[in-house]
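Below is protein-v1.cif, which holds mmCIF, C-alpha atoms.
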data_start
#
loop_
_atom_site.group_PDB
_atom_site.id
_atom_site.type_symbol
_atom_site.label_atom_id
_atom_site.label_comp_id
_atom_site.auth_asym_id
_atom_site.auth_seq_id
_atom_site.Cartn_x
_atom_site.Cartn_y
_atom_site.Cartn_z
ATOM 1 C CA MET A 1 -26.622 -16.753 134.849
ATOM 2 C CA ARG A 2 -29.878 -17.281 136.697
ATOM 3 C CA LYS A 3 -30.116 -18.009 140.392
ATOM 4 C CA THR A 4 -33.005 -19.944 141.930
ATOM 5 C CA LYS A 5 -33.623 -20.867 145.556
ATOM 6 C CA TYR A 6 -31.507 -24.014 145.276
ATOM 7 C CA GLY A 7 -29.441 -23.703 142.110
ATOM 8 C CA VAL A 8 -27.730 -21.594 139.482
ATOM 9 C CA SER A 9 -28.376 -22.132 135.792
ATOM 10 C CA VAL A 10 -27.296 -21.049 132.338
ATOM 11 C CA ASP A 11 -29.032 -21.462 128.972
ATOM 12 C CA LEU A 12 -26.763 -22.763 126.244
ATOM 13 C CA GLN A 13 -26.994 -22.856 122.464
ATOM 14 C CA MET A 14 -26.285 -26.537 121.943
ATOM 15 C CA ASP A 15 -27.946 -29.906 122.347
ATOM 16 C CA VAL A 16 -27.887 -31.863 125.591
ATOM 17 C CA ASP A 17 -25.185 -34.340 124.557
ATOM 18 C CA ALA A 18 -22.796 -31.552 123.552
ATOM 19 C CA ALA A 19 -23.605 -29.657 126.751
ATOM 20 C CA ILE A 20 -22.843 -32.729 128.890
ATOM 21 C CA LYS A 21 -19.398 -32.943 127.251
ATOM 22 C CA LYS A 22 -18.666 -29.233 127.735
ATOM 23 C CA THR A 23 -19.983 -29.278 131.310
ATOM 24 C CA THR A 24 -17.899 -32.349 132.151
ATOM 25 C CA ASP A 25 -14.786 -30.596 130.770
ATOM 26 C CA ARG A 26 -15.407 -27.417 132.742
ATOM 27 C CA LEU A 27 -16.128 -29.406 135.914
ATOM 28 C CA LYS A 28 -12.808 -31.169 135.416
ATOM 29 C CA ASP A 29 -11.067 -27.774 135.183
ATOM 30 C CA GLN A 30 -12.356 -27.109 138.712
ATOM 31 C CA GLY A 31 -11.329 -30.514 140.073
ATOM 32 C CA PHE A 32 -14.695 -32.303 139.774
ATOM 33 C CA GLY A 33 -15.109 -35.739 138.266
ATOM 34 C CA VAL A 34 -18.517 -36.890 137.061
ATOM 35 C CA LEU A 35 -19.149 -40.078 139.069
ATOM 36 C CA THR A 36 -22.710 -40.757 137.940
ATOM 37 C CA ASP A 37 -24.917 -39.873 134.986
ATOM 38 C CA ILE A 38 -28.643 -40.624 135.224
ATOM 39 C CA ASP A 39 -30.520 -40.484 131.933
ATOM 40 C CA VAL A 40 -33.936 -39.399 133.241
ATOM 41 C CA GLN A 41 -35.663 -39.578 129.856
ATOM 42 C CA LYS A 42 -34.502 -43.150 129.315
ATOM 43 C CA THR A 43 -35.338 -44.210 132.899
ATOM 44 C CA LEU A 44 -38.885 -42.809 132.721
ATOM 45 C CA LYS A 45 -39.440 -44.415 129.300
ATOM 46 C CA GLU A 46 -38.221 -47.813 130.491
ATOM 47 C CA LYS A 47 -39.971 -47.823 133.856
ATOM 48 C CA LEU A 48 -43.209 -45.944 133.117
ATOM 49 C CA ASP A 49 -43.405 -45.791 129.322
ATOM 50 C CA VAL A 50 -43.852 -42.008 129.488
ATOM 51 C CA ASP A 51 -42.192 -39.445 127.250
ATOM 52 C CA PHE A 52 -40.047 -36.768 128.838
ATOM 53 C CA VAL A 53 -37.576 -34.169 127.604
ATOM 54 C CA LYS A 54 -33.916 -35.129 127.346
ATOM 55 C CA TYR A 55 -32.735 -34.668 130.927
ATOM 56 C CA HIS A 56 -29.540 -35.860 132.628
ATOM 57 C CA ILE A 57 -28.501 -35.729 136.279
ATOM 58 C CA LEU A 58 -24.711 -35.678 136.633
ATOM 59 C CA GLY A 59 -23.176 -36.437 140.022
ATOM 60 C CA ALA A 60 -20.035 -34.297 140.341
ATOM 61 C CA CYS A 61 -17.408 -34.887 143.002
ATOM 62 C CA ASN A 62 -14.306 -32.911 143.930
ATOM 63 C CA PRO A 63 -12.420 -35.582 145.922
ATOM 64 C CA PRO A 64 -10.344 -33.351 148.264
ATOM 65 C CA LEU A 65 -13.412 -31.290 149.174
ATOM 66 C CA ALA A 66 -15.633 -34.377 149.521
ATOM 67 C CA HIS A 67 -13.022 -35.847 151.866
ATOM 68 C CA LYS A 68 -12.993 -32.657 153.969
ATOM 69 C CA ALA A 69 -16.791 -32.630 154.094
ATOM 70 C CA LEU A 70 -16.922 -36.275 155.206
ATOM 71 C CA GLN A 71 -14.366 -35.598 157.934
ATOM 72 C CA ALA A 72 -16.422 -32.653 159.202
ATOM 73 C CA GLU A 73 -19.794 -34.462 158.961
ATOM 74 C CA GLU A 74 -19.948 -38.249 158.810
ATOM 75 C CA GLU A 75 -23.356 -38.499 157.137
ATOM 76 C CA ILE A 76 -22.829 -35.744 154.571
ATOM 77 C CA GLY A 77 -22.844 -38.523 151.948
ATOM 78 C CA LEU A 78 -26.616 -38.063 152.109
ATOM 79 C CA LEU A 79 -26.041 -34.771 150.254
ATOM 80 C CA LEU A 80 -23.235 -35.918 147.934
ATOM 81 C CA PRO A 81 -22.276 -35.837 145.104
ATOM 82 C CA CYS A 82 -23.101 -32.334 143.857
ATOM 83 C CA ASN A 83 -25.777 -32.525 141.210
ATOM 84 C CA VAL A 84 -25.528 -30.766 137.886
ATOM 85 C CA ILE A 85 -28.505 -31.214 135.568
ATOM 86 C CA VAL A 86 -28.584 -30.752 131.803
ATOM 87 C CA TYR A 87 -31.944 -30.711 130.029
ATOM 88 C CA GLU A 88 -33.317 -29.661 126.680
ATOM 89 C CA THR A 89 -35.357 -26.481 126.351
ATOM 90 C CA GLY A 90 -35.682 -26.430 122.545
ATOM 91 C CA GLU A 91 -33.921 -27.378 119.352
ATOM 92 C CA LYS A 92 -30.178 -27.052 119.991
ATOM 93 C CA ARG A 93 -31.052 -25.300 123.230
ATOM 94 C CA CYS A 94 -30.553 -26.564 126.740
ATOM 95 C CA ARG A 95 -30.216 -25.483 130.326
ATOM 96 C CA VAL A 96 -27.407 -26.483 132.671
ATOM 97 C CA ALA A 97 -28.075 -26.036 136.398
ATOM 98 C CA ALA A 98 -25.893 -26.741 139.422
ATOM 99 C CA ILE A 99 -27.065 -27.275 142.971
ATOM 100 C CA ASP A 100 -26.627 -24.326 145.343
ATOM 101 C CA VAL A 101 -24.407 -26.160 147.795
ATOM 102 C CA THR A 102 -24.728 -23.489 150.466
ATOM 103 C CA ALA A 103 -28.542 -23.770 150.389
ATOM 104 C CA ALA A 104 -28.521 -27.573 150.245
ATOM 105 C CA MET A 105 -26.075 -27.898 153.134
ATOM 106 C CA SER A 106 -27.836 -25.289 155.259
ATOM 107 C CA VAL A 107 -30.159 -28.034 156.562
ATOM 108 C CA VAL A 108 -27.151 -29.728 158.202
ATOM 109 C CA GLY A 109 -26.322 -26.926 160.620
ATOM 110 C CA ASN A 110 -22.630 -27.774 161.038
ATOM 111 C CA GLU A 111 -20.326 -24.739 161.028
ATOM 112 C CA GLU A 112 -17.280 -26.830 160.152
ATOM 113 C CA LEU A 113 -18.925 -27.526 156.811
ATOM 114 C CA THR A 114 -19.400 -23.872 155.896
ATOM 115 C CA PRO A 115 -15.909 -23.169 154.453
ATOM 116 C CA VAL A 116 -16.010 -26.414 152.471
ATOM 117 C CA ALA A 117 -19.492 -25.667 151.122
ATOM 118 C CA ASP A 118 -18.377 -22.148 150.228
ATOM 119 C CA GLU A 119 -15.375 -23.467 148.306
ATOM 120 C CA VAL A 120 -17.528 -25.970 146.399
ATOM 121 C CA ALA A 121 -20.083 -23.248 145.642
ATOM 122 C CA HIS A 122 -17.303 -20.959 144.377
ATOM 123 C CA LYS A 123 -15.941 -23.670 142.054
ATOM 124 C CA LEU A 124 -19.386 -24.595 140.701
ATOM 125 C CA ALA A 125 -20.086 -20.905 140.065
ATOM 126 C CA ALA A 126 -16.820 -20.748 138.100
ATOM 127 C CA VAL A 127 -17.996 -23.701 135.973
ATOM 128 C CA MET A 128 -21.302 -21.999 135.246
ATOM 129 C CA THR A 129 -19.667 -18.635 134.480
ATOM 130 C CA SER A 130 -17.241 -20.283 132.094
ATOM 131 C CA LEU A 131 -20.069 -22.107 130.269
ATOM 132 C CA SER A 132 -22.108 -18.923 130.154
ATOM 133 C CA GLU A 133 -19.254 -16.831 128.764
ATOM 134 C CA ASP A 134 -18.444 -19.289 125.994
ATOM 135 C CA PHE A 135 -21.767 -20.823 124.987
ATOM 136 C CA SER A 136 -24.575 -18.711 126.383
ATOM 137 C CA ASP A 137 -27.892 -18.592 124.548
ATOM 138 C CA LYS A 138 -27.858 -14.892 123.646
ATOM 139 C CA GLU A 139 -31.450 -14.797 122.382
ATOM 140 C CA MET B 140 -34.303 -45.635 164.400
ATOM 141 C CA ARG B 141 -32.412 -42.386 164.861
ATOM 142 C CA LYS B 142 -33.457 -39.068 163.319
ATOM 143 C CA THR B 143 -30.986 -36.321 162.484
ATOM 144 C CA LYS B 144 -31.634 -32.899 160.962
ATOM 145 C CA TYR B 145 -31.456 -34.265 157.424
ATOM 146 C CA GLY B 146 -31.817 -38.042 157.664
ATOM 147 C CA VAL B 147 -33.017 -41.141 159.460
ATOM 148 C CA SER B 148 -30.659 -43.996 160.274
ATOM 149 C CA VAL B 149 -30.532 -47.495 161.683
ATOM 150 C CA ASP B 150 -27.574 -49.522 162.999
ATOM 151 C CA LEU B 151 -27.415 -53.051 161.630
ATOM 152 C CA GLN B 152 -25.566 -56.183 162.669
ATOM 153 C CA MET B 153 -23.978 -57.055 159.353
ATOM 154 C CA ASP B 154 -21.215 -55.915 157.059
ATOM 155 C CA VAL B 155 -21.651 -53.177 154.468
ATOM 156 C CA ASP B 156 -21.952 -55.497 151.453
ATOM 157 C CA ALA B 157 -24.716 -57.526 153.095
ATOM 158 C CA ALA B 158 -26.471 -54.327 154.203
ATOM 159 C CA ILE B 159 -26.389 -52.932 150.650
ATOM 160 C CA LYS B 160 -28.133 -56.097 149.420
ATOM 161 C CA LYS B 161 -30.781 -55.996 152.166
ATOM 162 C CA THR B 162 -31.330 -52.253 151.717
ATOM 163 C CA THR B 163 -31.676 -52.637 147.955
ATOM 164 C CA ASP B 164 -34.289 -55.384 148.495
ATOM 165 C CA ARG B 165 -36.279 -53.320 150.961
ATOM 166 C CA LEU B 166 -36.115 -50.258 148.704
ATOM 167 C CA LYS B 167 -37.469 -52.419 145.882
ATOM 168 C CA ASP B 168 -40.396 -53.453 148.109
ATOM 169 C CA GLN B 169 -41.302 -49.750 148.278
ATOM 170 C CA GLY B 170 -40.898 -49.152 144.539
ATOM 171 C CA PHE B 171 -37.361 -47.725 144.534
ATOM 172 C CA GLY B 172 -34.660 -48.868 142.169
ATOM 173 C CA VAL B 173 -31.009 -48.173 142.973
ATOM 174 C CA LEU B 174 -29.780 -46.174 139.965
ATOM 175 C CA THR B 175 -26.297 -45.349 141.231
ATOM 176 C CA ASP B 176 -23.827 -46.740 143.757
ATOM 177 C CA ILE B 177 -20.781 -44.650 144.649
ATOM 178 C CA ASP B 178 -18.028 -46.515 146.480
ATOM 179 C CA VAL B 179 -16.616 -43.630 148.524
ATOM 180 C CA GLN B 180 -13.768 -45.659 150.045
ATOM 181 C CA LYS B 181 -12.584 -46.779 146.600
ATOM 182 C CA THR B 182 -12.964 -43.299 145.091
ATOM 183 C CA LEU B 183 -10.965 -41.613 147.871
ATOM 184 C CA LYS B 184 -8.264 -44.292 147.658
ATOM 185 C CA GLU B 185 -7.943 -43.945 143.885
ATOM 186 C CA LYS B 186 -8.090 -40.150 143.724
ATOM 187 C CA LEU B 187 -6.311 -39.109 146.934
ATOM 188 C CA ASP B 188 -4.617 -42.274 148.195
ATOM 189 C CA VAL B 189 -6.270 -41.846 151.578
ATOM 190 C CA ASP B 190 -7.850 -44.578 153.689
ATOM 191 C CA PHE B 191 -11.491 -44.257 154.621
ATOM 192 C CA VAL B 192 -14.134 -46.547 156.122
ATOM 193 C CA LYS B 193 -16.247 -48.641 153.794
ATOM 194 C CA TYR B 194 -18.920 -46.155 152.699
ATOM 195 C CA HIS B 195 -21.420 -46.348 149.844
ATOM 196 C CA ILE B 196 -23.836 -43.737 148.522
ATOM 197 C CA LEU B 197 -26.831 -45.353 146.819
ATOM 198 C CA GLY B 198 -29.059 -43.239 144.574
ATOM 199 C CA ALA B 199 -32.616 -44.538 144.966
ATOM 200 C CA CYS B 200 -35.423 -43.607 142.602
ATOM 201 C CA ASN B 201 -39.145 -44.347 142.712
ATOM 202 C CA PRO B 202 -40.031 -43.639 139.064
ATOM 203 C CA PRO B 203 -43.730 -42.659 139.446
ATOM 204 C CA LEU B 204 -42.888 -40.272 142.298
ATOM 205 C CA ALA B 205 -39.816 -38.892 140.510
ATOM 206 C CA HIS B 206 -42.009 -38.224 137.475
ATOM 207 C CA LYS B 207 -44.582 -36.379 139.625
ATOM 208 C CA ALA B 208 -41.822 -34.336 141.264
ATOM 209 C CA LEU B 209 -40.334 -33.377 137.882
ATOM 210 C CA GLN B 210 -43.761 -32.313 136.610
ATOM 211 C CA ALA B 211 -44.290 -30.139 139.688
ATOM 212 C CA GLU B 212 -40.764 -28.660 139.653
ATOM 213 C CA GLU B 213 -38.647 -28.750 136.499
ATOM 214 C CA GLU B 214 -35.259 -28.470 138.226
ATOM 215 C CA ILE B 215 -35.944 -30.905 141.067
ATOM 216 C CA GLY B 216 -33.395 -33.195 139.393
ATOM 217 C CA LEU B 217 -30.894 -31.108 141.377
ATOM 218 C CA LEU B 218 -32.200 -32.957 144.460
ATOM 219 C CA LEU B 219 -32.693 -36.406 142.892
ATOM 220 C CA PRO B 220 -32.212 -39.316 143.315
ATOM 221 C CA CYS B 221 -32.861 -39.917 147.035
ATOM 222 C CA ASN B 222 -29.627 -40.831 148.741
ATOM 223 C CA VAL B 223 -29.272 -43.789 151.051
ATOM 224 C CA ILE B 224 -25.828 -44.274 152.590
ATOM 225 C CA VAL B 225 -24.389 -47.459 154.050
ATOM 226 C CA TYR B 226 -21.141 -47.275 156.015
ATOM 227 C CA GLU B 227 -19.212 -49.431 158.417
ATOM 228 C CA THR B 228 -19.170 -48.629 162.127
ATOM 229 C CA GLY B 229 -17.313 -51.743 163.346
ATOM 230 C CA GLU B 230 -16.771 -55.406 162.629
ATOM 231 C CA LYS B 231 -20.006 -56.744 161.120
ATOM 232 C CA ARG B 232 -21.644 -53.493 162.137
ATOM 233 C CA CYS B 233 -22.885 -50.751 159.871
ATOM 234 C CA ARG B 234 -25.238 -47.822 159.691
ATOM 235 C CA VAL B 235 -27.822 -47.241 156.960
ATOM 236 C CA ALA B 236 -29.152 -43.692 156.627
ATOM 237 C CA ALA B 237 -31.714 -42.217 154.254
ATOM 238 C CA ILE B 238 -32.106 -38.577 153.335
ATOM 239 C CA ASP B 239 -34.962 -36.707 155.034
ATOM 240 C CA VAL B 240 -36.744 -35.763 151.820
ATOM 241 C CA THR B 241 -39.013 -33.260 153.533
ATOM 242 C CA ALA B 242 -35.999 -31.385 154.962
ATOM 243 C CA ALA B 243 -34.008 -31.588 151.715
ATOM 244 C CA MET B 244 -36.908 -30.347 149.591
ATOM 245 C CA SER B 245 -37.842 -27.580 152.029
ATOM 246 C CA VAL B 246 -35.286 -25.321 150.309
ATOM 247 C CA VAL B 247 -37.360 -25.474 147.104
ATOM 248 C CA GLY B 248 -40.450 -23.767 148.499
ATOM 249 C CA ASN B 249 -42.945 -25.306 146.062
ATOM 250 C CA GLU B 250 -46.196 -26.442 147.697
ATOM 251 C CA GLU B 251 -47.019 -28.783 144.814
ATOM 252 C CA LEU B 252 -44.004 -30.830 145.830
ATOM 253 C CA THR B 253 -45.125 -31.315 149.428
ATOM 254 C CA PRO B 254 -47.466 -34.320 148.923
ATOM 255 C CA VAL B 255 -44.872 -36.030 146.708
ATOM 256 C CA ALA B 256 -42.081 -35.409 149.227
ATOM 257 C CA ASP B 257 -44.322 -36.687 152.019
ATOM 258 C CA GLU B 258 -45.059 -39.884 150.100
ATOM 259 C CA VAL B 259 -41.359 -40.471 149.398
ATOM 260 C CA ALA B 260 -40.510 -39.779 153.055
ATOM 261 C CA HIS B 261 -43.198 -42.253 154.157
ATOM 262 C CA LYS B 262 -41.828 -44.986 151.874
ATOM 263 C CA LEU B 263 -38.211 -44.404 152.938
ATOM 264 C CA ALA B 264 -39.293 -44.532 156.584
ATOM 265 C CA ALA B 265 -40.957 -47.885 155.846
ATOM 266 C CA VAL B 266 -37.653 -49.156 154.395
ATOM 267 C CA MET B 267 -35.761 -48.065 157.498
ATOM 268 C CA THR B 268 -38.359 -49.523 159.876
ATOM 269 C CA SER B 269 -38.287 -52.840 158.060
ATOM 270 C CA LEU B 270 -34.472 -52.985 158.223
ATOM 271 C CA SER B 271 -34.523 -51.991 161.868
ATOM 272 C CA GLU B 272 -37.115 -54.618 162.801
ATOM 273 C CA ASP B 273 -35.272 -57.448 161.083
ATOM 274 C CA PHE B 274 -31.582 -56.630 161.480
ATOM 275 C CA SER B 275 -31.174 -53.979 164.141
ATOM 276 C CA ASP B 276 -27.982 -53.874 166.164
ATOM 277 C CA LYS B 277 -29.508 -54.638 169.562
ATOM 278 C CA GLU B 278 -26.362 -53.932 171.572
#
I'd like the structure from this file rewritten - as structure tokens, please.
Amino acid sequence: MRKTKYGVSVDLQMDVDAAIKKTTDRLKDQGFGVLTDIDVQKTLKEKLDVDFVKYHILGACNPPLAHKALQAEEEIGLLLPCNVIVYETGEKRCRVAAIDVTAAMSVVGNEELTPVADEVAHKLAAVMTSLSEDFSDKE
Amino acid sequence: MRKTKYGVSVDLQMDVDAAIKKTTDRLKDQGFGVLTDIDVQKTLKEKLDVDFVKYHILGACNPPLAHKALQAEEEIGLLLPCNVIVYETGEKRCRVAAIDVTAAMSVVGNEELTPVADEVAHKLAAVMTSLSEDFSDKE
């Protein structure tokens, strides 16, 4: 598992479509539903006629935690849902990355949000660990 | 127009459904399509059986700028699309807020992104100004 300034990612040995299915399953295990799925490749082709790698932005939402966050901070919808991206890195190779919720929510500066953000971060880390353990690109 | 740590907002004299239509139009004027629309009230009712105010999260995307951002920073999809929220604050009263892209993207720390983020911020500010000028809640 790789950590960047605003996300955590894992490299998987499968194509993007398979990875979206596996990621959706593992998110569900942690109480997240996928509310939105933006097909970036398709959008850029349709709107700009440019070619791009296969790249999806999934909007994941854990309803009880989203509800808590909204109660603590009315406009937190500006930072919801939690994004998980899946994009191709080669043949039958892709990367799955999840937003670092603690980093993303740090701009808000509301202490009431901290325990909620920490719980979301913990659950997303569990999703990534589970994907990494089962399907990691060992090369 | 009101500025918070991570967004700009305006209060409008209309209901949420009307405001979504007007906001979508004004976003279109600035080159943004609305790719996603999460009905938070409906989601929380269905998943948790709790009552919440009418609250929508719109995912707005300006394709040429999104493409530039993705070329500058592969995983910027974690922070896309740009969220615009519309929620009720009273009878025929609502608030529209847009993410402060400069604040949200500050966590990335990639200088190549700065001019793109600035351009997006400028266009979203133009959307908010236009809504404020035409439909502001003057009370």
For the provided coordinates, the residues matched by the PyMOL selection byres ((chain B and resi 160-167) around 8) should be stated as a PyMOL selection string.
chain B and resi 156-159+168-173+199+263+266+269-270
Grab the residues selected above and save them as a PDB file, in the frame of the given file with C-alpha atoms.
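Generated output (out-v7.pdb):
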ATOM      1  CA  ASP B 156     -21.952 -55.497 151.453  1.00  0.00           C
ATOM      2  CA  ALA B 157     -24.716 -57.526 153.095  1.00  0.00           C
ATOM      3  CA  ALA B 158     -26.471 -54.327 154.203  1.00  0.00           C
ATOM      4  CA  ILE B 159     -26.389 -52.932 150.650  1.00  0.00           C
ATOM      5  CA  ASP B 168     -40.396 -53.453 148.109  1.00  0.00           C
ATOM      6  CA  GLN B 169     -41.302 -49.750 148.278  1.00  0.00           C
ATOM      7  CA  GLY B 170     -40.898 -49.152 144.539  1.00  0.00           C
ATOM      8  CA  PHE B 171     -37.361 -47.725 144.534  1.00  0.00           C
ATOM      9  CA  GLY B 172     -34.660 -48.868 142.169  1.00  0.00           C
ATOM     10  CA  VAL B 173     -31.009 -48.173 142.973  1.00  0.00           C
ATOM     11  CA  ALA B 199     -32.616 -44.538 144.966  1.00  0.00           C
ATOM     12  CA  LEU B 263     -38.211 -44.404 152.938  1.00  0.00           C
ATOM     13  CA  VAL B 266     -37.653 -49.156 154.395  1.00  0.00           C
ATOM     14  CA  SER B 269     -38.287 -52.840 158.060  1.00  0.00           C
ATOM     15  CA  LEU B 270     -34.472 -52.985 158.223  1.00  0.00           C
TER      16      LEU B 270
END
Taking the file as shown, find all residues satisfying the PyMOL selection byres ((chain A) within 6 of (chain B)) and write them as a PyMOL selection string.
chain A and resi 78+83+99
Skipping near chain neighbours, those fewer than 6 positions away, what residues fall within 10 Å of Met14 of chain A using all atoms listed in the file, listed as a PDB file with C-alpha atoms, in the frame of the given file?
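In the end it all went to selection00.pdb:
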ATOM      1  CA  ILE A  20     -22.843 -32.729 128.890  1.00  0.00           C
ATOM      2  CA  LYS A  22     -18.666 -29.233 127.735  1.00  0.00           C
ATOM      3  CA  GLU A  88     -33.317 -29.661 126.680  1.00  0.00           C
ATOM      4  CA  GLY A  90     -35.682 -26.430 122.545  1.00  0.00           C
ATOM      5  CA  GLU A  91     -33.921 -27.378 119.352  1.00  0.00           C
ATOM      6  CA  LYS A  92     -30.178 -27.052 119.991  1.00  0.00           C
ATOM      7  CA  ARG A  93     -31.052 -25.300 123.230  1.00  0.00           C
ATOM      8  CA  CYS A  94     -30.553 -26.564 126.740  1.00  0.00           C
ATOM      9  CA  ARG A  95     -30.216 -25.483 130.326  1.00  0.00           C
ATOM     10  CA  PHE A 135     -21.767 -20.823 124.987  1.00  0.00           C
ATOM     11  CA  SER A 136     -24.575 -18.711 126.383  1.00  0.00           C
ATOM     12  CA  ASP A 137     -27.892 -18.592 124.548  1.00  0.00           C
TER      13      ASP A 137
END
After superposing chain A onto chain B (least squares, all C-alpha atoms, pairing by order), export the transformed chain as a short mmCIF file (atom, residue, chain, number, x, y, z; two decimals) with C-alpha atoms, in the coordinates of the input.
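Output saved as selection.cif:
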data_model
loop_
_atom_site.label_atom_id
_atom_site.label_comp_id
_atom_site.auth_asym_id
_atom_site.auth_seq_id
_atom_site.Cartn_x
_atom_site.Cartn_y
_atom_site.Cartn_z
CA MET A 1 -34.31 -45.62 164.40
CA ARG A 2 -32.41 -42.38 164.85
CA LYS A 3 -33.46 -39.09 163.32
CA THR A 4 -30.99 -36.33 162.49
CA LYS A 5 -31.62 -32.91 160.97
CA TYR A 6 -31.47 -34.28 157.43
CA GLY A 7 -31.79 -38.05 157.66
CA VAL A 8 -33.01 -41.15 159.45
CA SER A 9 -30.66 -44.00 160.27
CA VAL A 10 -30.53 -47.51 161.68
CA ASP A 11 -27.57 -49.52 162.99
CA LEU A 12 -27.42 -53.05 161.63
CA GLN A 13 -25.57 -56.18 162.68
CA MET A 14 -23.99 -57.05 159.35
CA ASP A 15 -21.21 -55.91 157.06
CA VAL A 16 -21.66 -53.18 154.47
CA ASP A 17 -21.95 -55.49 151.46
CA ALA A 18 -24.72 -57.52 153.10
CA ALA A 19 -26.47 -54.33 154.20
CA ILE A 20 -26.39 -52.93 150.65
CA LYS A 21 -28.13 -56.10 149.42
CA LYS A 22 -30.78 -56.00 152.17
CA THR A 23 -31.32 -52.25 151.72
CA THR A 24 -31.67 -52.64 147.95
CA ASP A 25 -34.28 -55.39 148.49
CA ARG A 26 -36.29 -53.32 150.96
CA LEU A 27 -36.11 -50.26 148.69
CA LYS A 28 -37.47 -52.41 145.88
CA ASP A 29 -40.39 -53.44 148.11
CA GLN A 30 -41.30 -49.74 148.28
CA GLY A 31 -40.91 -49.15 144.54
CA PHE A 32 -37.36 -47.72 144.53
CA GLY A 33 -34.65 -48.86 142.17
CA VAL A 34 -31.01 -48.17 142.98
CA LEU A 35 -29.78 -46.17 139.97
CA THR A 36 -26.30 -45.34 141.23
CA ASP A 37 -23.83 -46.74 143.75
CA ILE A 38 -20.78 -44.65 144.65
CA ASP A 39 -18.03 -46.52 146.47
CA VAL A 40 -16.61 -43.64 148.53
CA GLN A 41 -13.77 -45.67 150.04
CA LYS A 42 -12.58 -46.78 146.61
CA THR A 43 -12.97 -43.29 145.09
CA LEU A 44 -10.97 -41.61 147.87
CA LYS A 45 -8.26 -44.30 147.66
CA GLU A 46 -7.94 -43.95 143.89
CA LYS A 47 -8.09 -40.16 143.72
CA LEU A 48 -6.32 -39.12 146.94
CA ASP A 49 -4.61 -42.28 148.19
CA VAL A 50 -6.29 -41.85 151.59
CA ASP A 51 -7.86 -44.58 153.68
CA PHE A 52 -11.51 -44.26 154.63
CA VAL A 53 -14.14 -46.54 156.13
CA LYS A 54 -16.26 -48.65 153.79
CA TYR A 55 -18.92 -46.16 152.70
CA HIS A 56 -21.42 -46.35 149.84
CA ILE A 57 -23.84 -43.74 148.51
CA LEU A 58 -26.84 -45.36 146.82
CA GLY A 59 -29.05 -43.24 144.58
CA ALA A 60 -32.62 -44.54 144.97
CA CYS A 61 -35.42 -43.60 142.61
CA ASN A 62 -39.14 -44.35 142.71
CA PRO A 63 -40.04 -43.64 139.06
CA PRO A 64 -43.73 -42.65 139.44
CA LEU A 65 -42.89 -40.27 142.29
CA ALA A 66 -39.81 -38.89 140.50
CA HIS A 67 -42.02 -38.23 137.47
CA LYS A 68 -44.58 -36.38 139.63
CA ALA A 69 -41.82 -34.34 141.26
CA LEU A 70 -40.34 -33.37 137.88
CA GLN A 71 -43.76 -32.32 136.62
CA ALA A 72 -44.29 -30.13 139.69
CA GLU A 73 -40.75 -28.65 139.66
CA GLU A 74 -38.64 -28.76 136.51
CA GLU A 75 -35.25 -28.46 138.22
CA ILE A 76 -35.94 -30.90 141.06
CA GLY A 77 -33.38 -33.19 139.39
CA LEU A 78 -30.88 -31.12 141.38
CA LEU A 79 -32.19 -32.96 144.46
CA LEU A 80 -32.69 -36.40 142.90
CA PRO A 81 -32.22 -39.32 143.32
CA CYS A 82 -32.86 -39.92 147.03
CA ASN A 83 -29.63 -40.83 148.74
CA VAL A 84 -29.28 -43.79 151.05
CA ILE A 85 -25.83 -44.27 152.58
CA VAL A 86 -24.39 -47.46 154.04
CA TYR A 87 -21.14 -47.28 156.01
CA GLU A 88 -19.21 -49.44 158.42
CA THR A 89 -19.18 -48.63 162.12
CA GLY A 90 -17.32 -51.74 163.34
CA GLU A 91 -16.76 -55.40 162.63
CA LYS A 92 -19.99 -56.75 161.12
CA ARG A 93 -21.63 -53.49 162.13
CA CYS A 94 -22.87 -50.75 159.87
CA ARG A 95 -25.22 -47.82 159.68
CA VAL A 96 -27.81 -47.25 156.96
CA ALA A 97 -29.15 -43.70 156.62
CA ALA A 98 -31.72 -42.22 154.25
CA ILE A 99 -32.11 -38.58 153.33
CA ASP A 100 -34.96 -36.71 155.03
CA VAL A 101 -36.74 -35.77 151.83
CA THR A 102 -39.02 -33.26 153.54
CA ALA A 103 -36.00 -31.39 154.97
CA ALA A 104 -34.01 -31.58 151.73
CA MET A 105 -36.91 -30.35 149.60
CA SER A 106 -37.85 -27.59 152.03
CA VAL A 107 -35.29 -25.32 150.32
CA VAL A 108 -37.37 -25.47 147.12
CA GLY A 109 -40.46 -23.77 148.51
CA ASN A 110 -42.95 -25.31 146.07
CA GLU A 111 -46.21 -26.44 147.69
CA GLU A 112 -47.03 -28.78 144.81
CA LEU A 113 -44.01 -30.83 145.83
CA THR A 114 -45.13 -31.32 149.43
CA PRO A 115 -47.46 -34.33 148.92
CA VAL A 116 -44.87 -36.03 146.71
CA ALA A 117 -42.08 -35.40 149.22
CA ASP A 118 -44.32 -36.69 152.01
CA GLU A 119 -45.05 -39.89 150.10
CA VAL A 120 -41.35 -40.47 149.40
CA ALA A 121 -40.51 -39.78 153.05
CA HIS A 122 -43.20 -42.25 154.16
CA LYS A 123 -41.83 -44.98 151.87
CA LEU A 124 -38.21 -44.40 152.94
CA ALA A 125 -39.30 -44.54 156.58
CA ALA A 126 -40.96 -47.89 155.84
CA VAL A 127 -37.66 -49.16 154.39
CA MET A 128 -35.76 -48.08 157.48
CA THR A 129 -38.36 -49.52 159.87
CA SER A 130 -38.29 -52.83 158.06
CA LEU A 131 -34.47 -52.99 158.21
CA SER A 132 -34.53 -52.00 161.86
CA GLU A 133 -37.12 -54.61 162.80
CA ASP A 134 -35.27 -57.45 161.09
CA PHE A 135 -31.58 -56.64 161.48
CA SER A 136 -31.17 -53.98 164.13
CA ASP A 137 -27.98 -53.86 166.17
CA LYS A 138 -29.50 -54.60 169.58
CA GLU A 139 -26.33 -53.85 171.56
#
